[in-house]
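What's in query-v3.txt: compact mmCIF, C-alpha atoms
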# COMPACT_ATOMS: atom_id res chain seq x y z
CA GLU W 1 187.10 -36.32 -13.07
CA GLN W 2 188.46 -36.94 -16.58
CA GLN W 3 185.83 -39.45 -17.70
CA THR W 4 183.87 -38.60 -20.85
CA MET W 5 180.72 -39.63 -19.02
CA ARG W 6 179.87 -38.58 -15.47
CA ALA W 7 180.00 -41.23 -12.74
CA ASN W 8 179.08 -41.23 -9.08
CA VAL W 9 182.34 -42.20 -7.34
CA ILE W 10 182.29 -44.07 -4.04
CA VAL W 11 185.62 -44.83 -2.38
CA VAL W 12 185.70 -47.36 0.43
CA ASP W 13 188.89 -47.13 2.46
CA ASP W 14 189.75 -50.49 4.02
CA CYS W 15 191.89 -49.04 6.84
CA SER W 16 194.75 -47.67 4.78
CA PRO W 17 197.86 -47.48 6.96
CA ASP W 18 198.68 -43.99 5.69
CA ASP W 19 196.78 -40.74 5.11
CA THR W 20 194.99 -41.95 1.94
CA ALA W 21 191.47 -41.39 3.29
CA GLU W 22 192.30 -37.89 4.52
CA ARG W 23 193.85 -36.96 1.16
CA ILE W 24 190.81 -38.26 -0.73
CA ALA W 25 188.47 -36.27 1.53
CA ARG W 26 190.55 -33.13 1.09
CA GLU W 27 191.37 -33.35 -2.64
CA PHE W 28 188.12 -34.87 -3.94
CA PRO W 29 185.22 -33.33 -2.00
CA ASP W 30 182.62 -34.62 -4.50
CA VAL W 31 183.63 -38.24 -3.91
CA THR W 32 181.63 -40.25 -1.39
CA LEU W 33 184.18 -41.62 1.08
CA LEU W 34 183.31 -44.56 3.32
CA ARG W 35 185.81 -45.81 5.90
CA ASN W 36 185.88 -49.32 7.27
CA ASP W 37 186.46 -49.58 11.01
CA ARG W 38 188.95 -52.42 10.42
CA ASN W 39 190.43 -54.26 7.44
CA ARG W 40 187.52 -56.34 6.20
CA GLY W 41 188.89 -57.62 2.90
CA PHE W 42 188.10 -57.12 -0.74
CA ALA W 43 184.60 -58.63 -0.89
CA HIS W 44 183.20 -56.78 2.13
CA THR W 45 184.75 -53.50 1.02
CA CYS W 46 183.37 -53.78 -2.54
CA ASN W 47 179.95 -54.87 -1.25
CA ARG W 48 179.81 -51.86 1.05
CA GLY W 49 180.43 -49.53 -1.89
CA ILE W 50 177.90 -51.36 -4.06
CA ALA W 51 175.25 -51.18 -1.32
CA HIS W 52 175.84 -47.45 -0.89
CA GLY W 53 175.21 -46.76 -4.59
CA THR W 54 171.93 -46.73 -6.49
CA ALA W 55 172.92 -46.68 -10.18
CA LEU W 56 171.76 -49.36 -12.62
CA TYR W 57 175.39 -50.34 -13.22
CA VAL W 58 178.39 -50.81 -10.95
CA LEU W 59 182.02 -50.40 -11.97
CA LEU W 60 184.52 -51.69 -9.42
CA LEU W 61 188.09 -50.40 -9.73
CA ASN W 62 191.08 -51.17 -7.55
CA SER W 63 192.93 -48.14 -6.25
CA ASP W 64 195.94 -48.80 -8.50
CA VAL W 65 193.93 -48.87 -11.75
CA ILE W 66 194.40 -45.88 -14.02
CA ALA W 67 191.18 -45.58 -16.01
CA GLU W 68 191.24 -44.34 -19.59
CA PRO W 69 188.90 -41.32 -19.92
CA THR W 70 186.40 -43.41 -21.92
CA LEU W 71 186.16 -46.35 -19.49
CA VAL W 72 182.81 -45.43 -17.92
CA GLU W 73 181.33 -44.64 -21.32
CA GLN W 74 182.56 -47.95 -22.81
CA VAL W 75 181.14 -49.99 -19.94
CA LEU W 76 177.77 -48.21 -20.06
CA THR W 77 177.60 -48.56 -23.85
CA ALA W 78 178.26 -52.30 -23.54
CA PHE W 79 175.45 -52.73 -21.02
CA GLU W 80 172.93 -50.53 -22.81
CA GLY W 81 173.54 -52.22 -26.15
CA THR W 82 172.29 -55.60 -24.87
CA LYS W 83 168.67 -54.76 -23.96
CA GLY W 84 169.08 -55.78 -20.34
CA GLN W 85 170.61 -59.19 -21.00
CA LEU W 86 174.26 -58.60 -20.07
CA GLY W 87 175.27 -59.29 -16.46
CA SER W 88 178.91 -58.19 -16.43
CA VAL W 89 181.65 -56.48 -18.43
CA ALA W 90 185.38 -57.23 -18.27
CA PRO W 91 187.52 -54.21 -19.21
CA LEU W 92 190.98 -54.84 -20.67
CA LEU W 93 193.68 -54.11 -18.09
CA MET W 94 197.14 -53.21 -19.39
CA ARG W 95 200.48 -53.38 -17.61
CA PRO W 96 202.82 -50.37 -17.69
CA ASP W 97 205.10 -52.24 -20.13
CA GLY W 98 202.29 -52.44 -22.73
CA ARG W 99 201.43 -56.09 -22.19
CA VAL W 100 198.06 -57.33 -21.02
CA ASP W 101 197.44 -57.64 -17.28
CA SER W 102 194.07 -59.29 -17.82
CA LEU W 103 191.00 -59.44 -19.98
CA GLY W 104 188.69 -61.00 -17.44
CA ILE W 105 188.94 -64.38 -15.78
CA THR W 106 188.37 -67.96 -16.79
CA ALA W 107 188.71 -71.39 -15.19
CA ASP W 108 190.45 -74.62 -16.15
CA PRO W 109 188.63 -77.99 -16.17
CA THR W 110 189.30 -78.42 -12.44
CA GLY W 111 187.53 -75.14 -11.65
CA ALA W 112 190.73 -73.27 -10.78
CA GLY W 113 190.35 -69.65 -11.87
CA PHE W 114 192.95 -67.47 -13.50
CA VAL W 115 193.19 -64.17 -15.35
CA ARG W 116 193.08 -64.31 -19.13
CA TYR W 117 196.09 -63.26 -21.22
CA HIS W 118 198.29 -62.14 -18.30
CA GLY W 119 201.57 -60.96 -19.86
CA ALA W 120 200.40 -61.48 -23.45
CA SER W 121 200.46 -58.95 -26.27
CA VAL W 122 197.31 -56.98 -27.06
CA GLU W 123 197.01 -58.84 -30.37
CA ARG W 124 196.89 -62.17 -28.52
CA ALA W 125 194.09 -60.89 -26.26
CA SER W 126 191.67 -60.78 -29.19
CA ALA W 127 191.60 -64.60 -29.34
CA VAL W 128 188.53 -66.41 -28.01
CA VAL W 129 190.51 -69.05 -26.10
CA PRO W 130 190.48 -69.31 -23.17
CA PRO W 131 186.78 -68.42 -22.93
CA LEU W 132 185.73 -65.46 -20.80
CA LEU W 133 183.93 -66.42 -17.60
CA GLY W 134 183.63 -62.97 -16.01
CA PRO W 135 185.48 -59.79 -15.10
CA TYR W 136 188.65 -59.70 -13.04
CA GLY W 137 188.26 -58.07 -9.62
CA ALA W 138 190.62 -55.16 -10.34
CA ALA W 139 188.23 -53.72 -12.95
CA ALA W 140 184.74 -55.14 -13.21
CA GLY W 141 181.41 -53.88 -14.49
CA TYR W 142 178.13 -55.36 -13.20
CA ARG W 143 174.43 -54.84 -13.82
CA ARG W 144 172.88 -54.10 -10.42
CA LYS W 145 169.81 -56.19 -11.30
CA ALA W 146 172.04 -59.24 -11.91
CA LEU W 147 173.81 -58.69 -8.58
CA GLY W 148 170.43 -58.40 -6.88
CA GLU W 149 169.45 -61.74 -8.33
CA VAL W 150 172.59 -63.77 -7.51
CA GLY W 151 173.99 -61.81 -4.55
CA LEU W 152 177.11 -59.74 -4.11
CA LEU W 153 180.69 -60.90 -3.60
CA ASP W 154 181.03 -63.72 -1.05
CA GLU W 155 182.44 -62.12 2.11
CA GLY W 156 183.55 -65.54 3.33
CA ILE W 157 186.33 -65.25 0.74
CA PHE W 158 188.67 -62.66 2.24
CA MET W 159 190.86 -62.13 -0.81
CA TYR W 160 191.32 -63.79 -4.23
CA GLY W 161 188.67 -65.92 -5.87
CA GLU W 162 185.58 -63.92 -4.94
CA GLU W 163 185.21 -62.64 -8.51
CA LEU W 164 185.39 -66.22 -9.81
CA ASP W 165 182.62 -67.27 -7.42
CA LEU W 166 180.47 -64.32 -8.54
CA ALA W 167 181.17 -65.02 -12.23
CA LEU W 168 180.08 -68.64 -11.79
CA ARG W 169 176.85 -67.60 -10.03
CA LEU W 170 176.06 -65.02 -12.72
CA ARG W 171 176.64 -67.52 -15.51
CA ALA W 172 174.58 -70.21 -13.74
CA ALA W 173 171.71 -67.71 -13.49
CA GLY W 174 171.92 -66.97 -17.23
CA TRP W 175 173.72 -63.62 -17.09
CA PRO W 176 176.38 -63.47 -19.85
CA THR W 177 179.54 -61.38 -19.85
CA ILE W 178 181.65 -59.66 -22.48
CA GLY W 179 185.20 -58.36 -22.62
CA LEU W 180 186.10 -54.84 -23.72
CA GLU W 181 189.24 -54.45 -25.79

Rewrite the structure from the file as structure tokens, please.
Amino acid sequence: EQQTMRANVIVVDDCSPDDTAERIAREFPDVTLLRNDRNRGFAHTCNRGIAHGTALYVLLLNSDVIAEPTLVEQVLTAFEGTKGQLGSVAPLLMRPDGRVDSLGITADPTGAGFVRYHGASVERASAVVPPLLGPYGAAAGYRRKALGEVGLLDEGIFMYGEELDLALRLRAAGWPTIGLE
């Protein structure tokens, strides 16, 4: 509601054990609320929301992310400034203590993925090492066309690592990514 640019919000409730879904329905009537019949995991839940939308761009946000009012605008500006070439955007995630939670994900030489700059200062996050591979699952922007080409999140991965798999597929198909600071 506080974004500087309007966004169509789709919330997929993955069987919250409390009254979250009811509160969302009551307090945010303009939000599209989808409810899973059972806990299906991160990939399935995100894919369901993506499939329900129709916009050119997708912004996935975990329920505990507090978005700055300019987040949607920054992500859209990043995509639109690349003439259709950019596949994904990695927003900077900050921890409550002012340190970086992540600025996307990367992988080591063995292929093990990890978040970039976890626990580092903001100044350190402007470095180019380690290289950005793709967005972290907690906050990730995607071009729908790129997702249509390489597929959505792998639902065979119940939790953790599905964004790494998607980032690798996007990069292999020639879709670059950028980080937003």

Which of these residues is nearest to Leu170 in chain W, using all atoms listed in the file: W:Ile157, W:Leu133, W:Cys15, W:Met94? W:Leu133

At a cut-off of 10 Å, using all atoms listed in the file, what residues contact Gly174 in chain W? Leave out same-chain residues fewer than 5 positions from it and give the result as a PDB file with C-alpha atoms, in the frame of the given file.
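Written output follows (selection-v2.pdb):
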ATOM      1  CA  GLN W  85     170.610 -59.190 -21.000  1.00  0.00           C
ATOM      2  CA  LEU W  86     174.260 -58.600 -20.070  1.00  0.00           C
ATOM      3  CA  GLY W  87     175.270 -59.290 -16.460  1.00  0.00           C
ATOM      4  CA  ALA W 146     172.040 -59.240 -11.910  1.00  0.00           C
ATOM      5  CA  LEU W 168     180.080 -68.640 -11.790  1.00  0.00           C
ATOM      6  CA  ARG W 169     176.850 -67.600 -10.030  1.00  0.00           C
TER       7      ARG W 169
END

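With CA of Gly49 in chain W on one side and CA of Val89 in chain W on the other, the separation reads 18.0 Å.
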
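What separates CA of Glu181 in chain W from CA of Arg6 in chain W is a distance of 21.1 Å.
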
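Restricting the calculation to all atoms listed in the file, the smallest distance between Leu166 in chain W and any of W:Gly113, W:Gly53, W:Pro130, W:Gly119 is found for W:Gly113.
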
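Residue nearest Arg144 in chain W, chosen from W:Arg40, W:Arg124, W:His52, W:Arg23 and counting all atoms listed in the file: W:His52.
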
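With only the atoms specified (all atoms listed in the file) counting, those residues at most 7 Å away from (190.6, -54.3, -12.3) are Leu61, Asn62, Val65, Leu93, Tyr136, Gly137, Ala138, Ala139 and Ala140 of chain W.
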
Mind writing the picked residues with C-alpha atoms as a compact mmCIF listing (two decimals), in the frame of the given file?
# COMPACT_ATOMS: atom_id res chain seq x y z
CA LEU W 61 188.09 -50.40 -9.73
CA ASN W 62 191.08 -51.17 -7.55
CA VAL W 65 193.93 -48.87 -11.75
CA LEU W 93 193.68 -54.11 -18.09
CA TYR W 136 188.65 -59.70 -13.04
CA GLY W 137 188.26 -58.07 -9.62
CA ALA W 138 190.62 -55.16 -10.34
CA ALA W 139 188.23 -53.72 -12.95
CA ALA W 140 184.74 -55.14 -13.21

Using all atoms listed in the file, which residue out of W:Ser102, W:Thr70, W:Thr20, W:Asn39 lies closest to His118 in chain W? W:Ser102

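Near Leu147 in chain W, within 12 Å and counting only C-alpha atoms, sit Asn47, Ile50, Ala51, Leu56, Tyr57, Val58, Leu86, Gly87, Ser88, Gly141, Tyr142, Arg143, Arg144, Lys145, Glu149, Val150, Gly151, Leu152, Leu153, Asp154, Leu166, Ala167, Arg169, Leu170, Arg171, Ala173 and Trp175 of chain W; same-chain residues fewer than 2 positions away were not included.
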
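Between CA of Asp30 in chain W and CA of Glu1 in chain W lies a distance of 9.8 Å.
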
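Among the candidate residues W:Leu132, W:Ala55, W:Ala25, W:Leu164, the one lying nearest to Ala43 in chain W is W:Leu164, with distances computed using all atoms listed in the file.
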